[in-house]
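Coordinates as given in target-v7.cif (mmCIF, C-alpha atoms and all ligand atoms):
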```
data_coords
loop_
_atom_site.label_atom_id
_atom_site.label_comp_id
_atom_site.auth_asym_id
_atom_site.auth_seq_id
_atom_site.Cartn_x
_atom_site.Cartn_y
_atom_site.Cartn_z
CA MET A 1 -24.49 -39.83 73.81
CA ARG A 2 -27.63 -40.25 71.83
CA GLU A 3 -27.84 -36.54 70.98
CA LEU A 4 -24.41 -36.66 69.40
CA GLU A 5 -25.16 -39.72 67.34
CA GLU A 6 -28.37 -38.23 66.07
CA ALA A 7 -26.73 -34.95 65.17
CA LEU A 8 -23.80 -36.66 63.47
CA ALA A 9 -26.11 -38.86 61.46
CA ALA A 10 -28.10 -35.81 60.34
CA ILE A 11 -24.90 -34.06 59.26
CA GLN A 12 -23.62 -37.11 57.39
CA SER A 13 -26.80 -37.41 55.43
CA ALA A 14 -27.16 -33.69 54.56
CA GLN A 15 -27.56 -33.62 50.78
CA ASP A 16 -26.47 -30.10 50.05
CA LEU A 17 -24.90 -27.01 51.54
CA GLU A 18 -28.33 -25.50 52.27
CA ALA A 19 -29.31 -28.44 54.46
CA LEU A 20 -25.95 -28.30 56.19
CA LYS A 21 -26.41 -24.63 56.96
CA ALA A 22 -29.77 -25.37 58.56
CA LEU A 23 -28.21 -28.08 60.73
CA LYS A 24 -25.43 -25.76 61.79
CA ALA A 25 -28.01 -23.20 62.89
CA ARG A 26 -30.02 -25.88 64.66
CA TYR A 27 -27.10 -27.07 66.80
CA LEU A 28 -24.58 -24.28 66.96
CA GLY A 29 -26.55 -21.15 66.07
CA LYS A 30 -27.46 -18.41 68.57
CA LYS A 31 -30.67 -20.19 69.35
CA GLY A 32 -29.20 -23.63 68.65
CA LEU A 33 -29.44 -26.60 70.98
CA ILE A 34 -25.87 -26.50 72.21
CA THR A 35 -26.08 -22.80 72.92
CA GLN A 36 -29.32 -23.31 74.82
CA GLU A 37 -27.72 -26.09 76.85
CA MET A 38 -24.71 -23.93 77.61
CA LYS A 39 -26.98 -21.22 78.93
CA ALA A 40 -28.81 -23.73 81.08
CA LEU A 41 -25.51 -24.71 82.77
CA ALA A 42 -25.74 -21.74 85.09
CA SER A 43 -28.66 -23.23 86.96
CA LEU A 44 -26.84 -26.52 87.71
CA PRO A 45 -24.92 -27.29 90.91
CA LEU A 46 -21.15 -26.81 90.51
CA GLU A 47 -20.09 -30.47 90.21
CA GLU A 48 -22.73 -31.28 87.65
CA ARG A 49 -22.10 -28.04 85.81
CA ARG A 50 -18.41 -28.88 85.27
CA ALA A 51 -19.11 -32.38 83.98
CA ARG A 52 -21.99 -31.22 81.78
CA GLY A 53 -19.89 -28.28 80.54
CA GLN A 54 -17.06 -30.53 79.47
CA ALA A 55 -19.44 -32.90 77.76
CA LEU A 56 -21.11 -30.02 75.91
CA ASN A 57 -17.75 -28.63 74.75
CA ALA A 58 -16.71 -32.03 73.44
CA LEU A 59 -20.05 -32.33 71.70
CA LYS A 60 -19.65 -28.88 70.16
CA GLU A 61 -16.19 -29.68 68.86
CA ALA A 62 -17.33 -32.98 67.42
CA LEU A 63 -20.22 -31.26 65.66
CA GLU A 64 -18.04 -28.48 64.30
CA LYS A 65 -15.60 -31.02 62.91
CA ALA A 66 -18.36 -33.08 61.36
CA LEU A 67 -19.95 -29.99 59.79
CA GLU A 68 -16.65 -28.89 58.34
CA GLU A 69 -15.89 -32.31 56.89
CA ARG A 70 -19.33 -32.68 55.39
CA GLU A 71 -19.12 -29.21 53.89
CA LYS A 72 -15.82 -30.05 52.25
CA ALA A 73 -17.18 -33.33 50.95
CA LEU A 74 -20.28 -31.63 49.49
CA GLU A 75 -18.17 -28.96 47.81
CA GLU A 76 -15.89 -31.53 46.26
CA GLU A 77 -18.84 -33.48 45.02
CA ALA A 78 -20.38 -30.36 43.45
CA LEU A 79 -17.11 -29.59 41.70
CA ARG A 80 -16.84 -33.15 40.42
CA ARG A 81 -20.38 -32.95 39.07
CA ASP A 82 -19.64 -29.64 37.32
CA LEU A 83 -16.48 -31.02 35.75
CA GLU A 84 -18.35 -34.10 34.64
CA LYS A 85 -21.00 -31.92 32.99
CA GLU A 86 -18.44 -29.70 31.23
CA ARG A 87 -16.20 -32.49 30.09
CA LEU A 88 -14.84 -31.79 26.61
CA ASP A 89 -15.06 -34.64 24.16
CA VAL A 90 -12.31 -33.85 21.69
CA SER A 91 -13.42 -36.71 19.45
CA LEU A 92 -16.73 -35.00 18.62
CA PRO A 93 -16.94 -33.46 15.12
CA GLY A 94 -16.21 -29.70 15.11
CA VAL A 95 -18.68 -26.92 14.51
CA GLY A 96 -18.71 -25.98 10.82
CA LEU A 97 -17.38 -22.46 10.29
CA PHE A 98 -18.17 -20.31 7.29
CA VAL A 99 -15.15 -20.44 5.05
CA GLY A 100 -14.49 -17.30 3.04
CA GLY A 101 -12.19 -17.07 0.08
CA LEU A 102 -10.31 -14.59 -2.02
CA HIS A 103 -11.77 -12.97 -5.12
CA PRO A 104 -10.46 -14.61 -8.32
CA ILE A 105 -8.81 -11.35 -9.38
CA THR A 106 -7.01 -11.16 -6.03
CA LEU A 107 -5.89 -14.77 -6.50
CA MET A 108 -4.58 -14.04 -9.99
CA GLU A 109 -2.84 -10.90 -8.78
CA LYS A 110 -1.20 -12.86 -5.96
CA ALA A 111 0.06 -15.49 -8.41
CA LEU A 112 1.54 -12.79 -10.68
CA LEU A 113 3.19 -10.96 -7.80
CA GLU A 114 4.77 -14.19 -6.60
CA ILE A 115 6.27 -14.78 -10.03
CA PHE A 116 7.76 -11.30 -10.18
CA ARG A 117 8.93 -11.32 -6.57
CA ALA A 118 10.95 -14.42 -7.40
CA LEU A 119 12.58 -12.38 -10.18
CA GLY A 120 13.57 -9.68 -7.70
CA TYR A 121 10.78 -7.17 -8.32
CA GLN A 122 9.28 -5.14 -5.51
CA ALA A 123 5.50 -4.63 -5.48
CA VAL A 124 4.21 -1.09 -4.95
CA THR A 125 0.76 0.48 -5.30
CA GLY A 126 -0.56 3.91 -6.20
CA PRO A 127 -3.77 5.95 -6.01
CA GLU A 128 -6.86 5.20 -8.13
CA VAL A 129 -7.73 8.88 -8.31
CA GLU A 130 -4.88 10.37 -10.27
CA GLY A 131 -3.71 13.72 -11.59
CA GLU A 132 -3.78 14.48 -15.31
CA PHE A 133 -0.04 15.07 -15.19
CA PHE A 134 0.82 11.55 -13.96
CA ASN A 135 -1.77 9.69 -16.04
CA PHE A 136 -1.04 11.58 -19.29
CA ASP A 137 1.35 14.55 -19.57
CA ALA A 138 4.41 13.01 -17.91
CA LEU A 139 3.85 9.91 -20.04
CA ASN A 140 4.32 12.00 -23.18
CA ILE A 141 0.59 12.28 -23.88
CA PRO A 142 -0.08 16.04 -23.92
CA GLU A 143 -3.56 17.52 -24.02
CA HIS A 144 -5.14 17.41 -27.51
CA HIS A 145 -2.72 14.64 -28.52
CA PRO A 146 -4.73 11.99 -30.43
CA ALA A 147 -3.12 9.29 -28.25
CA ARG A 148 -5.40 10.36 -25.41
CA ASP A 149 -8.22 8.75 -27.36
CA MET A 150 -6.67 5.38 -26.49
CA TRP A 151 -7.89 5.89 -22.97
CA ASP A 152 -11.51 7.03 -22.64
CA THR A 153 -11.42 8.77 -19.34
CA PHE A 154 -13.63 9.34 -16.31
CA TRP A 155 -12.80 12.93 -15.36
CA LEU A 156 -13.63 14.11 -11.86
CA GLU A 157 -15.59 17.29 -11.49
CA ASP A 158 -14.31 19.73 -8.94
CA THR A 159 -14.71 17.56 -5.83
CA GLY A 160 -12.56 19.61 -3.47
CA LEU A 161 -10.43 16.49 -3.18
CA ARG A 162 -6.76 17.13 -2.47
CA LEU A 163 -4.46 14.62 -4.07
CA LYS A 164 -0.91 14.05 -2.87
CA GLY A 165 2.03 13.69 -5.23
CA PRO A 166 4.92 11.24 -4.86
CA LEU A 167 6.57 13.24 -2.08
CA GLY A 168 3.42 14.38 -0.31
CA GLU A 169 3.16 17.66 -2.27
CA GLU A 170 -0.27 18.74 -3.47
CA VAL A 171 -1.07 17.68 -7.04
CA GLU A 172 -2.13 20.51 -9.33
CA GLY A 173 -4.45 20.27 -12.33
CA ARG A 174 -7.44 18.14 -13.22
CA LEU A 175 -8.19 14.84 -11.50
CA LEU A 176 -9.40 11.61 -13.09
CA LEU A 177 -9.78 7.91 -12.40
CA ARG A 178 -6.52 6.42 -13.65
CA THR A 179 -6.96 4.73 -17.01
CA HIS A 180 -3.90 2.50 -16.55
CA THR A 181 -1.29 1.67 -13.91
CA SER A 182 1.42 3.51 -15.88
CA PRO A 183 1.15 6.77 -13.85
CA MET A 184 2.78 4.85 -11.02
CA GLN A 185 5.91 4.64 -13.21
CA VAL A 186 6.19 8.41 -12.94
CA ARG A 187 5.36 8.59 -9.24
CA TYR A 188 7.89 5.90 -8.38
CA MET A 189 10.65 7.42 -10.50
CA VAL A 190 10.16 10.86 -8.97
CA ALA A 191 10.58 9.50 -5.46
CA HIS A 192 13.39 6.98 -6.11
CA THR A 193 16.70 6.75 -7.85
CA PRO A 194 17.65 3.85 -10.14
CA PRO A 195 18.46 1.01 -10.33
CA PHE A 196 15.17 -0.68 -9.36
CA ARG A 197 12.66 -3.29 -10.47
CA ILE A 198 9.02 -2.78 -9.54
CA VAL A 199 5.60 -4.20 -10.32
CA VAL A 200 2.39 -2.27 -9.69
CA PRO A 201 -0.89 -4.16 -9.39
CA GLY A 202 -4.06 -2.11 -9.37
CA ARG A 203 -7.56 -1.21 -10.47
CA VAL A 204 -8.04 1.02 -13.49
CA PHE A 205 -11.07 2.70 -15.04
CA ARG A 206 -12.19 3.43 -18.59
CA PHE A 207 -15.27 5.13 -19.89
CA GLU A 208 -15.95 2.21 -22.22
CA GLN A 209 -18.81 0.10 -23.47
CA THR A 210 -18.65 -3.28 -21.74
CA ASP A 211 -18.89 -6.68 -23.40
CA ALA A 212 -17.70 -10.22 -22.64
CA THR A 213 -14.04 -9.15 -22.77
CA HIS A 214 -14.19 -5.45 -21.83
CA GLU A 215 -15.09 -3.87 -18.51
CA ALA A 216 -15.14 -0.23 -17.43
CA VAL A 217 -13.35 -1.25 -14.22
CA PHE A 218 -10.56 -3.78 -14.53
CA HIS A 219 -7.06 -4.56 -13.28
CA GLN A 220 -3.59 -4.22 -14.64
CA LEU A 221 -0.12 -5.19 -13.58
CA GLU A 222 2.57 -2.70 -14.49
CA GLY A 223 6.26 -3.48 -14.55
CA LEU A 224 9.19 -1.04 -14.60
CA VAL A 225 12.90 -1.77 -14.58
CA VAL A 226 15.43 1.07 -14.76
CA GLY A 227 19.20 0.98 -14.58
CA GLU A 228 22.38 1.23 -16.60
CA GLY A 229 22.41 -0.89 -19.74
CA ILE A 230 18.82 -2.15 -19.50
CA SER A 231 17.71 -3.29 -22.95
CA MET A 232 14.87 -4.81 -24.91
CA ALA A 233 16.52 -8.20 -24.28
CA HIS A 234 15.83 -7.80 -20.55
CA LEU A 235 12.19 -7.00 -21.32
CA LYS A 236 11.87 -10.12 -23.44
CA GLY A 237 13.55 -12.16 -20.73
CA ALA A 238 11.10 -10.92 -18.11
CA ILE A 239 8.04 -11.73 -20.22
CA TYR A 240 9.59 -15.09 -21.13
CA GLU A 241 9.99 -15.94 -17.43
CA LEU A 242 6.37 -14.93 -16.86
CA ALA A 243 5.23 -17.26 -19.66
CA GLN A 244 7.27 -20.15 -18.28
CA ALA A 245 5.95 -19.64 -14.76
CA LEU A 246 2.34 -19.41 -15.95
CA TYR A 247 2.18 -22.10 -18.61
CA GLY A 248 5.32 -24.23 -18.34
CA PRO A 249 8.28 -25.01 -20.59
CA GLU A 250 6.25 -25.24 -23.81
CA SER A 251 5.06 -21.67 -23.57
CA ARG A 252 6.52 -19.00 -25.88
CA VAL A 253 6.39 -15.22 -26.20
CA ARG A 254 5.71 -12.94 -29.14
CA PHE A 255 6.42 -9.22 -29.52
CA GLN A 256 4.90 -7.05 -32.25
CA PRO A 257 5.68 -3.36 -32.81
CA VAL A 258 2.97 -1.00 -31.60
CA TYR A 259 2.68 2.64 -30.66
CA PHE A 260 2.50 3.83 -27.06
CA PRO A 261 3.61 7.45 -26.50
CA PHE A 262 5.67 6.56 -23.41
CA VAL A 263 7.89 3.89 -24.98
CA GLU A 264 10.27 3.74 -27.93
CA PRO A 265 10.35 1.16 -29.37
CA GLY A 266 6.91 0.04 -28.28
CA ALA A 267 5.45 -3.44 -28.48
CA GLN A 268 2.43 -5.47 -27.72
CA PHE A 269 3.20 -8.90 -26.38
CA ALA A 270 1.46 -12.23 -26.36
CA ILE A 271 2.10 -15.51 -24.56
CA TRP A 272 1.58 -18.92 -26.15
CA TRP A 273 -0.86 -20.97 -24.10
CA PRO A 274 0.04 -24.60 -24.89
CA GLU A 275 -3.08 -26.14 -23.39
CA GLY A 276 -5.47 -23.97 -25.37
CA LYS A 277 -3.10 -23.84 -28.36
CA LYS A 278 -3.47 -20.10 -28.82
CA TRP A 279 -1.70 -16.78 -28.41
CA LEU A 280 -2.95 -14.59 -25.57
CA GLU A 281 -2.57 -10.87 -26.16
CA LEU A 282 -1.56 -9.71 -22.69
CA GLY A 283 -0.58 -6.07 -22.96
CA GLY A 284 1.82 -3.35 -24.00
CA ALA A 285 5.49 -2.85 -23.33
CA GLY A 286 8.63 -1.15 -24.54
CA MET A 287 11.72 0.87 -23.69
CA VAL A 288 10.92 3.90 -21.53
CA HIS A 289 10.77 6.98 -23.78
CA PRO A 290 13.51 9.56 -23.08
CA ARG A 291 10.77 12.20 -22.76
CA VAL A 292 9.35 10.31 -19.76
CA PHE A 293 12.74 10.41 -18.03
CA GLN A 294 12.97 14.13 -18.88
CA ALA A 295 9.52 14.82 -17.44
CA VAL A 296 10.45 12.94 -14.25
CA ASP A 297 13.71 14.85 -13.81
CA ALA A 298 11.94 18.17 -14.49
CA TYR A 299 9.38 17.34 -11.79
CA ARG A 300 12.17 16.28 -9.41
CA GLN A 301 13.84 19.62 -10.05
CA LYS A 302 10.61 21.43 -9.19
CA LEU A 303 10.68 19.60 -5.85
CA GLY A 304 14.32 20.54 -5.31
CA LEU A 305 15.72 17.09 -6.13
CA PRO A 306 18.77 16.47 -8.38
CA PRO A 307 18.25 14.77 -11.75
CA ALA A 308 18.47 10.97 -11.50
CA TYR A 309 17.58 9.66 -14.96
CA GLN A 310 20.47 10.73 -17.15
CA GLY A 311 22.54 7.87 -18.50
CA VAL A 312 20.05 5.17 -17.61
CA THR A 313 17.59 3.16 -19.70
CA GLY A 314 14.56 1.16 -18.72
CA PHE A 315 11.80 -1.07 -19.90
CA ALA A 316 8.15 -1.15 -18.88
CA PHE A 317 5.13 -3.30 -19.49
CA GLY A 318 1.44 -3.32 -18.57
CA LEU A 319 -0.85 -6.31 -18.77
CA GLY A 320 -4.52 -7.01 -18.13
CA VAL A 321 -5.20 -9.25 -15.11
CA GLU A 322 -8.80 -10.19 -15.95
CA ARG A 323 -7.90 -12.03 -19.15
CA LEU A 324 -5.40 -14.24 -17.35
CA ALA A 325 -7.89 -14.97 -14.57
CA MET A 326 -10.63 -15.82 -17.10
CA LEU A 327 -8.36 -18.40 -18.61
CA ARG A 328 -7.08 -19.77 -15.32
CA TYR A 329 -10.55 -20.32 -13.88
CA GLY A 330 -12.49 -20.94 -17.09
CA ILE A 331 -14.63 -17.80 -16.75
CA PRO A 332 -16.42 -17.03 -20.04
CA ASP A 333 -17.47 -13.41 -19.42
CA ILE A 334 -15.42 -10.64 -17.77
CA ARG A 335 -18.61 -9.11 -16.35
CA TYR A 336 -18.93 -11.97 -13.85
CA PHE A 337 -15.99 -10.65 -11.82
CA PHE A 338 -17.70 -7.57 -10.44
CA GLY A 339 -21.33 -8.41 -11.14
CA GLY A 340 -21.77 -9.10 -7.43
CA ARG A 341 -23.38 -12.53 -7.88
CA LEU A 342 -22.85 -14.68 -4.81
CA LYS A 343 -23.24 -17.91 -6.80
CA PHE A 344 -20.21 -16.92 -8.85
CA LEU A 345 -18.08 -15.84 -5.90
CA GLU A 346 -18.96 -18.88 -3.78
CA GLN A 347 -17.09 -21.06 -6.24
CA PHE A 348 -13.88 -19.55 -4.90
CA ARG A 349 -14.63 -20.36 -1.27
CA GLY A 350 -11.69 -21.68 0.64
CA ILE A 351 -9.15 -20.83 -2.05
CA LEU A 352 -6.56 -18.65 -0.40
C1 LIG B 1 2.35 -0.11 -22.42
C2 LIG B 1 3.69 0.20 -22.46
C3 LIG B 1 4.35 0.33 -21.26
O1 LIG B 1 5.65 0.68 -21.28
C4 LIG B 1 3.73 0.12 -20.05
C5 LIG B 1 2.39 -0.18 -20.06
C6 LIG B 1 1.70 -0.32 -21.22
C7 LIG B 1 0.26 -0.62 -21.19
C8 LIG B 1 -0.60 0.63 -21.29
N1 LIG B 1 -0.52 1.45 -20.11
C9 LIG B 1 -2.05 0.23 -21.52
O2 LIG B 1 -2.91 0.51 -20.69
N2 LIG B 1 -2.26 -0.45 -22.63
S1 LIG B 1 -3.72 -1.05 -23.05
O3 LIG B 1 -4.68 0.00 -23.15
O4 LIG B 1 -3.53 -1.81 -24.27
O5 LIG B 1 -4.15 -2.03 -21.91
C10 LIG B 1 -3.30 -3.08 -21.48
C11 LIG B 1 -4.09 -4.34 -21.25
O6 LIG B 1 -5.16 -4.08 -20.38
C12 LIG B 1 -4.76 -4.88 -22.51
O7 LIG B 1 -3.87 -5.66 -23.25
C13 LIG B 1 -5.87 -5.73 -21.92
O8 LIG B 1 -5.36 -6.99 -21.46
C14 LIG B 1 -6.27 -4.93 -20.72
N3 LIG B 1 -7.46 -4.11 -21.02
C15 LIG B 1 -7.51 -2.95 -21.70
N4 LIG B 1 -8.77 -2.50 -21.75
C16 LIG B 1 -9.55 -3.38 -21.07
C17 LIG B 1 -8.70 -4.41 -20.59
N5 LIG B 1 -9.17 -5.44 -19.88
C18 LIG B 1 -10.48 -5.46 -19.60
N6 LIG B 1 -11.35 -4.52 -20.00
C19 LIG B 1 -10.93 -3.47 -20.73
N7 LIG B 1 -11.78 -2.52 -21.08
#
```
As structure tokens, how would this structure be written, given the file I've shared?
Amino acid sequence: MRELEEALAAIQSAQDLEALKALKARYLGKKGLITQEMKALASLPLEERRARGQALNALKEALEKALEEREKALEEEALRRDLEKERLDVSLPGVGLFVGGLHPITLMEKALLEIFRALGYQAVTGPEVEGEFFNFDALNIPEHHPARDMWDTFWLEDTGLRLKGPLGEEVEGRLLLRTHTSPMQVRYMVAHTPPFRIVVPGRVFRFEQTDATHEAVFHQLEGLVVGEGISMAHLKGAIYELAQALYGPESRVRFQPVYFPFVEPGAQFAIWWPEGKKWLELGGAGMVHPRVFQAVDAYRQKLGLPPAYQGVTGFAFGLGVERLAMLRYGIPDIRYFFGGRLKFLEQFRGIL
């Protein structure tokens, strides 16, 4: 059967599915050779027709099988080629990704929070826009009191802003940008009952002239511990632990009396930095003033809550985060932190 051999050879050598399709049409299609031959059978004498018919059927089957096999082979080959092309070489160097990093103040804040978490403190945060009551009055700094001069304040004009109090109630009175993290002492005490240990990291704002060590926007970390029998010794212990964690066993702490309206006695504290051989003035601290507890209980009463601060004592402290970060990273000027210079920030790439 020469026809068969020719057809089979053509199928075997078809190079792609397109060519195969054309061959299929040529032999088996409506106008294909086999179909034509089948039609021609009718004009043959019976004997010849039967023999020719059988031969044609066999031929058709053989062609169909060959076409199917070749089609499968071509498909497999195409798949193999695709896989070959897409093969992943895991030994190739990776594509460099842009590596971000955390801001140095965030890094410093994280380090401080870790130290205090290990001492059993819980970290909480409060609003940057604050009510006059929480920032000043409840902290025993009434209007016209000269102590308010310690905190030059950004007051907010009537913005229509509604500020929520510690239990979701609307805050009355004037609004301002908080000048310290201490208002969160009041908010937390109103909403919770002692004993507790908290630290409050956050941004604060002062209407101040800036220089290499003073910014109008900076960060503080507040601490507050309230319970039965809490004393100045506990405060000293907490600051001592902070010093040890920051600067190792050779570090020391120093407390000097100072006036803050919301503590009695009040102190400013410094930590000895062994490497630089100098005292670092970190912030203020003291025993929570009874008037602060009274203001908290009075506010609780206004909200329908029972008093919770009779028969307890507490200590509090507030320190500046920027100064610690300047030392830790060797930054000479506080204004670099939020000056927005990429060259400065890029130095902290990849530090998480
Ligand atoms: C005191 C007693 C407590 O029981 C609790 C907290 C405090 C601290 C008090 N709320 C306060 O704000 N004190 S402070 O005005 O002396 O500021 C504390 C620290 O913030 C300073 O020691 C300093 O490290 C930092 N600081 C103050 N003004 C700054 C500043 N850092 C950068 N720029 C400024 N303008």
Length of the atom C3 of ligand LIG 1 (chain B) to atom CA of Ser251 of chain A vector [Å]: 22.1 Å
Atom CA of Thr35 of chain A to atom CA of Glu18 of chain A, distance in Å rounded to a single decimal: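 If I compute the distance from atom CA of Thr35 of chain A to atom CA of Glu18 of chain A, I get 20.9 Å.
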Check which residues of chain A sit at most 6 Å from ligand LIG 1 (chain B) using all atoms listed in the file, and return one row each with the closest pair of atoms and their distance in Å to one decimal, ordered by chain and rising number, as JSON lines.
```
{"residue": "A:His180", "atom": "CA", "partner": "B:LIG1", "partner_atom": "O2", "distance": 4.7}
{"residue": "A:Ser182", "atom": "CA", "partner": "B:LIG1", "partner_atom": "N1", "distance": 5.1}
{"residue": "A:His214", "atom": "CA", "partner": "B:LIG1", "partner_atom": "N6", "distance": 3.5}
{"residue": "A:Glu215", "atom": "CA", "partner": "B:LIG1", "partner_atom": "N6", "distance": 4.1}
{"residue": "A:Ala216", "atom": "CA", "partner": "B:LIG1", "partner_atom": "N7", "distance": 5.5}
{"residue": "A:Phe218", "atom": "CA", "partner": "B:LIG1", "partner_atom": "C18", "distance": 5.3}
{"residue": "A:Gln220", "atom": "CA", "partner": "B:LIG1", "partner_atom": "O6", "distance": 6.0}
{"residue": "A:Phe260", "atom": "CA", "partner": "B:LIG1", "partner_atom": "C2", "distance": 6.0}
{"residue": "A:Val263", "atom": "CA", "partner": "B:LIG1", "partner_atom": "O1", "distance": 5.4}
{"residue": "A:Leu282", "atom": "CA", "partner": "B:LIG1", "partner_atom": "O7", "distance": 4.7}
{"residue": "A:Gly283", "atom": "CA", "partner": "B:LIG1", "partner_atom": "O7", "distance": 3.3}
{"residue": "A:Gly284", "atom": "CA", "partner": "B:LIG1", "partner_atom": "C1", "distance": 3.6}
{"residue": "A:Ala285", "atom": "CA", "partner": "B:LIG1", "partner_atom": "C2", "distance": 3.6}
{"residue": "A:Gly286", "atom": "CA", "partner": "B:LIG1", "partner_atom": "O1", "distance": 4.8}
{"residue": "A:Ala316", "atom": "CA", "partner": "B:LIG1", "partner_atom": "O1", "distance": 3.9}
{"residue": "A:Phe317", "atom": "CA", "partner": "B:LIG1", "partner_atom": "C4", "distance": 3.7}
{"residue": "A:Gly318", "atom": "CA", "partner": "B:LIG1", "partner_atom": "C5", "distance": 3.6}
{"residue": "A:Leu319", "atom": "CA", "partner": "B:LIG1", "partner_atom": "C11", "distance": 4.5}
{"residue": "A:Gly320", "atom": "CA", "partner": "B:LIG1", "partner_atom": "O8", "distance": 3.4}
```
Distance in Å - atom CA of Tyr240 of chain A versus atom CA of Val253 of chain A: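 Distance reported for this atom pair: 6.0 Å.
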12 Å contact set for segment 321-323 of chain A, all atoms listed in the file, chain neighbours under 3 positions out, as a ChimeraX atom specification: /A:103-113,180-181,200-204,212-222,270-271,280-283,318,326-338
Based on the selection just made, write C-alpha atoms of those residues as a JSON list (two decimals), in the coordinates of the input.
```json
[["chain", "number", "residue", "atom", "x", "y", "z"],
["A", 103, "HIS", "CA", -11.77, -12.97, -5.12],
["A", 104, "PRO", "CA", -10.46, -14.61, -8.32],
["A", 105, "ILE", "CA", -8.81, -11.35, -9.38],
["A", 106, "THR", "CA", -7.01, -11.16, -6.03],
["A", 107, "LEU", "CA", -5.89, -14.77, -6.50],
["A", 108, "MET", "CA", -4.58, -14.04, -9.99],
["A", 109, "GLU", "CA", -2.84, -10.90, -8.78],
["A", 110, "LYS", "CA", -1.20, -12.86, -5.96],
["A", 111, "ALA", "CA", 0.06, -15.49, -8.41],
["A", 112, "LEU", "CA", 1.54, -12.79, -10.68],
["A", 113, "LEU", "CA", 3.19, -10.96, -7.80],
["A", 180, "HIS", "CA", -3.90, 2.50, -16.55],
["A", 181, "THR", "CA", -1.29, 1.67, -13.91],
["A", 200, "VAL", "CA", 2.39, -2.27, -9.69],
["A", 201, "PRO", "CA", -0.89, -4.16, -9.39],
["A", 202, "GLY", "CA", -4.06, -2.11, -9.37],
["A", 203, "ARG", "CA", -7.56, -1.21, -10.47],
["A", 204, "VAL", "CA", -8.04, 1.02, -13.49],
["A", 212, "ALA", "CA", -17.70, -10.22, -22.64],
["A", 213, "THR", "CA", -14.04, -9.15, -22.77],
["A", 214, "HIS", "CA", -14.19, -5.45, -21.83],
["A", 215, "GLU", "CA", -15.09, -3.87, -18.51],
["A", 216, "ALA", "CA", -15.14, -0.23, -17.43],
["A", 217, "VAL", "CA", -13.35, -1.25, -14.22],
["A", 218, "PHE", "CA", -10.56, -3.78, -14.53],
["A", 219, "HIS", "CA", -7.06, -4.56, -13.28],
["A", 220, "GLN", "CA", -3.59, -4.22, -14.64],
["A", 221, "LEU", "CA", -0.12, -5.19, -13.58],
["A", 222, "GLU", "CA", 2.57, -2.70, -14.49],
["A", 270, "ALA", "CA", 1.46, -12.23, -26.36],
["A", 271, "ILE", "CA", 2.10, -15.51, -24.56],
["A", 280, "LEU", "CA", -2.95, -14.59, -25.57],
["A", 281, "GLU", "CA", -2.57, -10.87, -26.16],
["A", 282, "LEU", "CA", -1.56, -9.71, -22.69],
["A", 283, "GLY", "CA", -0.58, -6.07, -22.96],
["A", 318, "GLY", "CA", 1.44, -3.32, -18.57],
["A", 326, "MET", "CA", -10.63, -15.82, -17.10],
["A", 327, "LEU", "CA", -8.36, -18.40, -18.61],
["A", 328, "ARG", "CA", -7.08, -19.77, -15.32],
["A", 329, "TYR", "CA", -10.55, -20.32, -13.88],
["A", 330, "GLY", "CA", -12.49, -20.94, -17.09],
["A", 331, "ILE", "CA", -14.63, -17.80, -16.75],
["A", 332, "PRO", "CA", -16.42, -17.03, -20.04],
["A", 333, "ASP", "CA", -17.47, -13.41, -19.42],
["A", 334, "ILE", "CA", -15.42, -10.64, -17.77],
["A", 335, "ARG", "CA", -18.61, -9.11, -16.35],
["A", 336, "TYR", "CA", -18.93, -11.97, -13.85],
["A", 337, "PHE", "CA", -15.99, -10.65, -11.82],
["A", 338, "PHE", "CA", -17.70, -7.57, -10.44]]
```
Residue nearest Leu324 of chain A among A:Leu305, A:Phe134, A:Lys24, A:Trp279 (counting all atoms listed in the file):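 Nearest to Leu324 of chain A: A:Trp279.
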